[in-house]
2 protein chains.
Amino acid sequence: MNLKELATKLGLSPTTVSRALNGYPEVNESTRERVMAAAKRHNYRPNTRAIRLATGRALAVGHVIPLATRHEIVNPIFADFIAGAGETYSRNGYDMIMSVVPDEAEEQAYRDLKSRGTADGVILHAPRMNDPRIPLLHEIGIPFLVHGRATGTELPYSWVDVNNRRAFQRATEFLLDLGHIRIGLVNGLEFMDFAIRRRTGYVDALAARGLPLDPALMSSDEMTEVSGYRAASTMLDLPESPTAFLVASMISGMGARRAIEERGLKMGRDISVIIHDDDLSYMKNGGDVPIFTATRSSVRDAGRIAAEMLLGIIANPGGQPEHRLLEAELIIGQSTGPGPRSFSPGTAPHKV
Amino acid sequence: MNLKELATKLGLSPTTVSRALNGYPEVNESTRERVMAAAKRHNYRPNTRAIRLATGRALAVGHVIPLATRHEIVNPIFADFIAGAGETYSRNGYDMIMSVVPDEAEEQAYRDLKSRGTADGVILHAPRMNDPRIPLLHEIGIPFLVHGRATGTELPYSWVDVNNRRAFQRATEFLLDLGHIRIGLVNGLEFMDFAIRRRTGYVDALAARGLPLDPALMSSDEMTEVSGYRAASTMLDLPESPTAFLVASMISGMGARRAIEERGLKMGRDISVIIHDDDLSYMKNGGDVPIFTATRSSVRDAGRIAAEMLLGIIANPGGQPEHRLLEAELIIGQSTGPGPRSFSPGTAPHKV
DNA sequence: CCGCGAATTGAAACCGTTTTGGATGCGCAC
DNA sequence: GTGCGCATCCAAAACGGTTTCAATTCGCGG
């Protein structure tokens, strides 16, 4: 059942039927009702392919995923981000199209999205420092929104990001307030923008209290269980081992916990741990009582917001770049407790 | 730059240019070369929207993801499956479109995919027992392929699946051969088809050795760290606790390990653990020496295969349903060791 | 020299919508 | 009665390709 058939069935022209269905004002209310009713009765769905061609819009948003050596980093949070964004797209009648391409084909993938008219806009994932994709997308001239930010990029662009620096700064302060002095940082790979910012937050917090930085207490690697375990193990075996950890993800946090427990220590009592929790639907940080104390920010919400912002940009391409900085909550769980300083007499705890 | 412009620039008709580019035989070789060169020079990309309308094909495959209460189950493996499938789509010039919809809108989502012409076929994820979506897709008349199988469904359908029953049967036998008699099953939710089959494998292996089933040693829940921990803890606290576990996923395996280590036991020495490993790119089971002994089957490969099969079905809609059963490997890691039986004199170990 | 088939090209229809640019009829003010 | 504005509808032209059907040219056998 297509528009023309529906029109003849109604004794109307396709023009009128189209206008009636799309809510144009120049059609008689009674006609409109008749059309609507007939459309529903024959359950007519307009052919998307024709709409796209006629309107010149793709009614779709693209996500390019390089099949990269290192894209594992994105993966765990990817599903949730997609879920949030996809929800928004569906609600607005947009399709979400995902291009999984070999690393070296990423640029071409973006170009094709534009030149073949497959997508009206794209979301850029996992930005790195000086990310070359941002100038690229500018050059191509396709509306886009970045999930995260790219340190070092001068060109303007719209983004949504978690305040990673602030989150890790607060987490560090929290540990310091608890009396911890030696705090290990188990960070993600530091060419990723978010990891750089988290490190900055950690460094700033220590500096603000006049505490020295110890390179031995700062590690950076993929956020897997194994690498979390390794980093924590190494630090725990130091002569002056840390009494607390700041860990970049839930998964690496589980590795850190393993290292701790393997040494007969108890997390939350002997060693404090704070993780960053993306609030993934399949990886909940406990129930009402969180297992880990965490800086939490829902990546699914971020996806929703990102999609909304991008649709806004698509609708109004000329506008100013928009930014949205999401604050992470500090969730107190069972993995943190007082540190050595809180017991030393004469040392007053810092004010919060 | 569109076809018509390119044609005038070449002094040819759009017809000829189209044919030249699409490899039709009735065009002079020298003309074809001229056209190809010009197309490359002006880097002409045919407009996908127009192609779709003209050919009546969507050149896209749909994945419907219900934003469900329980779809967490799919999530962790979803990213990898998608990566595999998406790779295949890209190579074949197909788009992957994902519809994230509220639970109750799932049926409508499939109908729309067909009636609005957005997709040429769909992949059905995470089938349950008597899954109603299989008759639905039949009724709609859209080519589809199921990742997994649906016990209880009589209608024919194409699928790709891991031999879950056999994998868990072998794993159980392996533990039995090691001398374990009391083996705990930490399964996924048993309305999911794969969980049913795994349980069957476990049950069959025990039955084959004439061993009794103990309901207290069989649990079923979501595959999270916490529920793995809970299930293992409960069993370990039984008067007659198990000496080995069969666990449905890497994540719940990490929970089980925590329960074990929390009790001062060592995995691989005191308690054996076998998990199922989907070989997720962001969740590797160790490096050269796997941490967990595991039944392993790459879900990314499954995605690749699924996509290829589906494209085949789309190209040849009349054909017979195709099936592909993937065997899981048994990977020996550090989490398994001899059980109590292997020490009892007079009890010969079973043959493998 | 004519006719025929093969090779090569093109004109025009088509895919199913939207959108432009009228048409038509009617009421109403002058 | 004429002109004008308004409400309502429609024919036809897009959109950018593919595909059908026909035209043209050329070589060659009879």
# chains A, B, ... in the order shown; residues from 1 in each chain; ligands from 1
$ interface_residues --of "chain D" --to "chain B" --cutoff "10 Å" --atoms "only C-alpha atoms (C1' of nucleotides)" --output "ChimeraX atom specification"
/D:15-19
$ select_by_dssp --residues "range 100-240 of chain A" --states "helix (DSSP H, G or I)" --output "number ranges by chain"
A: 103-115, 133-140, 164-177, 193-208, 215-217, 225-236
$ residues_around --residues "DC9 in chain D" --least-positions-apart "5" --cutoff "10 Å" --atoms "only C-alpha atoms (C1' of nucleotides)" --output "list of chain:residue names"
A:Leu12, A:Ser13, A:Thr15, A:Thr16, A:Glu26, A:Val27, A:Asn28, C:DA23, C:DT24
$ write_last_selection --atoms "all heavy atoms" --output "PDB file, in the first residue's frame"
ATOM      1  N   LEU A  12      -8.656  11.076  -3.965  1.00  0.00           N
ATOM      2  CA  LEU A  12      -7.915  12.324  -3.764  1.00  0.00           C
ATOM      3  C   LEU A  12      -6.607  12.262  -4.535  1.00  0.00           C
ATOM      4  O   LEU A  12      -6.223  11.204  -5.039  1.00  0.00           O
ATOM      5  CB  LEU A  12      -7.619  12.525  -2.284  1.00  0.00           C
ATOM      6  CG  LEU A  12      -8.788  12.892  -1.373  1.00  0.00           C
ATOM      7  CD1 LEU A  12      -8.374  12.801   0.079  1.00  0.00           C
ATOM      8  CD2 LEU A  12      -9.270  14.298  -1.701  1.00  0.00           C
ATOM      9  N   SER A  13      -5.922  13.362  -4.595  1.00  0.00           N
ATOM     10  CA  SER A  13      -4.606  13.344  -5.235  1.00  0.00           C
ATOM     11  C   SER A  13      -3.558  12.992  -4.195  1.00  0.00           C
ATOM     12  O   SER A  13      -3.741  13.222  -2.994  1.00  0.00           O
ATOM     13  CB  SER A  13      -4.288  14.710  -5.824  1.00  0.00           C
ATOM     14  OG  SER A  13      -3.922  15.578  -4.770  1.00  0.00           O
ATOM     15  N   THR A  15      -0.954  14.483  -3.595  1.00  0.00           N
ATOM     16  CA  THR A  15      -0.566  15.725  -2.929  1.00  0.00           C
ATOM     17  C   THR A  15      -1.349  15.920  -1.640  1.00  0.00           C
ATOM     18  O   THR A  15      -0.788  16.129  -0.563  1.00  0.00           O
ATOM     19  CB  THR A  15      -0.853  16.920  -3.853  1.00  0.00           C
ATOM     20  OG1 THR A  15      -0.347  16.630  -5.142  1.00  0.00           O
ATOM     21  CG2 THR A  15      -0.212  18.165  -3.301  1.00  0.00           C
ATOM     22  N   THR A  16      -2.631  15.877  -1.783  1.00  0.00           N
ATOM     23  CA  THR A  16      -3.481  16.137  -0.629  1.00  0.00           C
ATOM     24  C   THR A  16      -3.279  15.104   0.468  1.00  0.00           C
ATOM     25  O   THR A  16      -3.193  15.436   1.653  1.00  0.00           O
ATOM     26  CB  THR A  16      -4.955  16.130  -1.059  1.00  0.00           C
ATOM     27  OG1 THR A  16      -5.122  17.041  -2.129  1.00  0.00           O
ATOM     28  CG2 THR A  16      -5.852  16.534   0.092  1.00  0.00           C
ATOM     29  N   GLU A  26      -3.080  23.495   4.955  1.00  0.00           N
ATOM     30  CA  GLU A  26      -3.977  23.823   3.859  1.00  0.00           C
ATOM     31  C   GLU A  26      -4.900  22.676   3.435  1.00  0.00           C
ATOM     32  O   GLU A  26      -5.304  22.586   2.295  1.00  0.00           O
ATOM     33  CB  GLU A  26      -3.196  24.341   2.652  1.00  0.00           C
ATOM     34  CG  GLU A  26      -2.273  23.337   2.009  1.00  0.00           C
ATOM     35  CD  GLU A  26      -0.863  23.481   2.515  1.00  0.00           C
ATOM     36  OE1 GLU A  26      -0.689  23.448   3.754  1.00  0.00           O
ATOM     37  OE2 GLU A  26       0.063  23.608   1.692  1.00  0.00           O
ATOM     38  N   VAL A  27      -5.216  21.818   4.385  1.00  0.00           N
ATOM     39  CA  VAL A  27      -6.131  20.740   4.031  1.00  0.00           C
ATOM     40  C   VAL A  27      -7.310  20.724   5.011  1.00  0.00           C
ATOM     41  O   VAL A  27      -7.152  20.928   6.213  1.00  0.00           O
ATOM     42  CB  VAL A  27      -5.386  19.378   3.987  1.00  0.00           C
ATOM     43  CG1 VAL A  27      -4.398  19.264   5.114  1.00  0.00           C
ATOM     44  CG2 VAL A  27      -6.342  18.225   4.017  1.00  0.00           C
ATOM     45  N   ASN A  28      -8.462  20.545   4.430  1.00  0.00           N
ATOM     46  CA  ASN A  28      -9.701  20.560   5.189  1.00  0.00           C
ATOM     47  C   ASN A  28      -9.679  19.538   6.324  1.00  0.00           C
ATOM     48  O   ASN A  28      -9.276  18.398   6.118  1.00  0.00           O
ATOM     49  CB  ASN A  28     -10.853  20.254   4.228  1.00  0.00           C
ATOM     50  CG  ASN A  28     -12.196  20.534   4.876  1.00  0.00           C
ATOM     51  OD1 ASN A  28     -12.418  20.155   6.023  1.00  0.00           O
ATOM     52  ND2 ASN A  28     -13.064  21.206   4.154  1.00  0.00           N
TER      53      ASN A  28
ATOM     54  P    DA C  23      -3.144  27.919 -13.943  1.00  0.00           P
ATOM     55  OP1  DA C  23      -2.946  27.619 -15.381  1.00  0.00           O
ATOM     56  OP2  DA C  23      -3.769  29.198 -13.517  1.00  0.00           O
ATOM     57  O5'  DA C  23      -3.983  26.731 -13.319  1.00  0.00           O
ATOM     58  C5'  DA C  23      -5.262  26.478 -13.817  1.00  0.00           C
ATOM     59  C4'  DA C  23      -6.013  25.725 -12.752  1.00  0.00           C
ATOM     60  O4'  DA C  23      -5.416  25.926 -11.468  1.00  0.00           O
ATOM     61  C3'  DA C  23      -7.449  26.237 -12.637  1.00  0.00           C
ATOM     62  O3'  DA C  23      -8.302  25.259 -13.201  1.00  0.00           O
ATOM     63  C2'  DA C  23      -7.681  26.468 -11.148  1.00  0.00           C
ATOM     64  C1'  DA C  23      -6.440  25.865 -10.496  1.00  0.00           C
ATOM     65  N9   DA C  23      -5.958  26.596  -9.328  1.00  0.00           N
ATOM     66  C8   DA C  23      -5.104  27.655  -9.310  1.00  0.00           C
ATOM     67  N7   DA C  23      -4.817  28.083  -8.104  1.00  0.00           N
ATOM     68  C5   DA C  23      -5.533  27.260  -7.276  1.00  0.00           C
ATOM     69  C6   DA C  23      -5.662  27.202  -5.867  1.00  0.00           C
ATOM     70  N6   DA C  23      -5.013  28.032  -5.036  1.00  0.00           N
ATOM     71  N1   DA C  23      -6.460  26.248  -5.359  1.00  0.00           N
ATOM     72  C2   DA C  23      -7.104  25.420  -6.202  1.00  0.00           C
ATOM     73  N3   DA C  23      -7.058  25.368  -7.537  1.00  0.00           N
ATOM     74  C4   DA C  23      -6.251  26.328  -8.011  1.00  0.00           C
ATOM     75  P    DT C  24      -9.650  25.716 -13.784  1.00  0.00           P
ATOM     76  OP1  DT C  24     -10.028  24.716 -14.796  1.00  0.00           O
ATOM     77  OP2  DT C  24      -9.570  27.150 -14.107  1.00  0.00           O
ATOM     78  O5'  DT C  24     -10.633  25.555 -12.557  1.00  0.00           O
ATOM     79  C5'  DT C  24     -10.564  24.389 -11.743  1.00  0.00           C
ATOM     80  C4'  DT C  24     -11.273  24.672 -10.450  1.00  0.00           C
ATOM     81  O4'  DT C  24     -10.397  25.346  -9.538  1.00  0.00           O
ATOM     82  C3'  DT C  24     -12.494  25.581 -10.599  1.00  0.00           C
ATOM     83  O3'  DT C  24     -13.656  24.821 -10.347  1.00  0.00           O
ATOM     84  C2'  DT C  24     -12.273  26.697  -9.594  1.00  0.00           C
ATOM     85  C1'  DT C  24     -11.187  26.123  -8.693  1.00  0.00           C
ATOM     86  N1   DT C  24     -10.292  27.114  -8.050  1.00  0.00           N
ATOM     87  C2   DT C  24     -10.199  27.120  -6.679  1.00  0.00           C
ATOM     88  O2   DT C  24     -10.806  26.364  -5.970  1.00  0.00           O
ATOM     89  N3   DT C  24      -9.338  28.060  -6.170  1.00  0.00           N
ATOM     90  C4   DT C  24      -8.585  28.976  -6.888  1.00  0.00           C
ATOM     91  O4   DT C  24      -7.846  29.772  -6.325  1.00  0.00           O
ATOM     92  C5   DT C  24      -8.739  28.923  -8.309  1.00  0.00           C
ATOM     93  C7   DT C  24      -7.983  29.863  -9.177  1.00  0.00           C
ATOM     94  C6   DT C  24      -9.579  28.000  -8.833  1.00  0.00           C
TER      95       DT C  24
END
$ closest_atom_pairs --of "chain B" --to "chain A" --cutoff "8 Å" --atoms "only C-alpha atoms" --output "tab-separated table"
residue	atom	partner	partner_atom	distance
B:Arg45	CA	A:Arg116	CA	5.7
B:Pro46	CA	A:Arg116	CA	6.0
B:Asn47	CA	A:Arg116	CA	4.6
B:Thr48	CA	A:Arg116	CA	5.4
B:Arg49	CA	A:Leu53	CA	5.4
B:Ala50	CA	A:Leu53	CA	5.9
B:Arg52	CA	A:Arg49	CA	6.2
B:Leu53	CA	A:Arg49	CA	5.4
B:Ala58	CA	A:Arg49	CA	7.5
B:Leu67	CA	A:Ala83	CA	7.4
B:Glu72	CA	A:Tyr282	CA	4.8
B:Ile73	CA	A:Tyr282	CA	6.9
B:Asn75	CA	A:Ala79	CA	6.3
B:Pro76	CA	A:Tyr282	CA	6.7
B:Phe78	CA	A:Ala79	CA	7.1
B:Ala79	CA	A:Ala79	CA	5.9
B:Asp80	CA	A:Asn75	CA	7.9
B:Ala83	CA	A:Val100	CA	6.3
B:Gly86	CA	A:Val100	CA	5.0
B:Glu87	CA	A:Val100	CA	5.2
B:Ser90	CA	A:Val100	CA	6.6
B:Asp95	CA	A:Ile97	CA	6.6
B:Met96	CA	A:Ile97	CA	5.5
B:Ile97	CA	A:Ile97	CA	4.4
B:Met98	CA	A:Met96	CA	5.5
B:Ser99	CA	A:Gly86	CA	6.5
B:Val100	CA	A:Gly86	CA	5.0
B:Val101	CA	A:Glu87	CA	6.0
B:Pro102	CA	A:Glu87	CA	7.9
B:Asp112	CA	A:Arg45	CA	7.6
B:Ser115	CA	A:Arg45	CA	6.3
B:Arg116	CA	A:Asn47	CA	4.6
B:Gly117	CA	A:Asn47	CA	6.0
B:Thr118	CA	A:Thr48	CA	6.5
B:Thr224	CA	A:Met283	CA	6.4
B:Glu225	CA	A:Met283	CA	7.5
B:Val226	CA	A:Gly286	CA	6.7
B:Arg258	CA	A:Arg258	CA	7.5
B:Glu261	CA	A:Glu261	CA	7.5
B:Glu262	CA	A:Glu261	CA	7.5
B:Ser281	CA	A:Glu72	CA	5.8
B:Tyr282	CA	A:Glu72	CA	4.8
B:Met283	CA	A:Thr224	CA	6.4
B:Lys284	CA	A:Thr224	CA	7.8
B:Gly286	CA	A:Val226	CA	6.8
$ closest_atom_pairs --of "chain C" --to "chain A" --cutoff "7 Å" --atoms "only C-alpha atoms (C1' of nucleotides)" --output "Markdown table"
| residue | atom | partner | partner_atom | distance |
| --- | --- | --- | --- | --- |
| C:DG16 | C1' | A:Ala50 | CA | 4.9 |
| C:DT17 | C1' | A:Ala50 | CA | 4.7 |
| C:DT18 | C1' | A:Ala54 | CA | 5.5 |
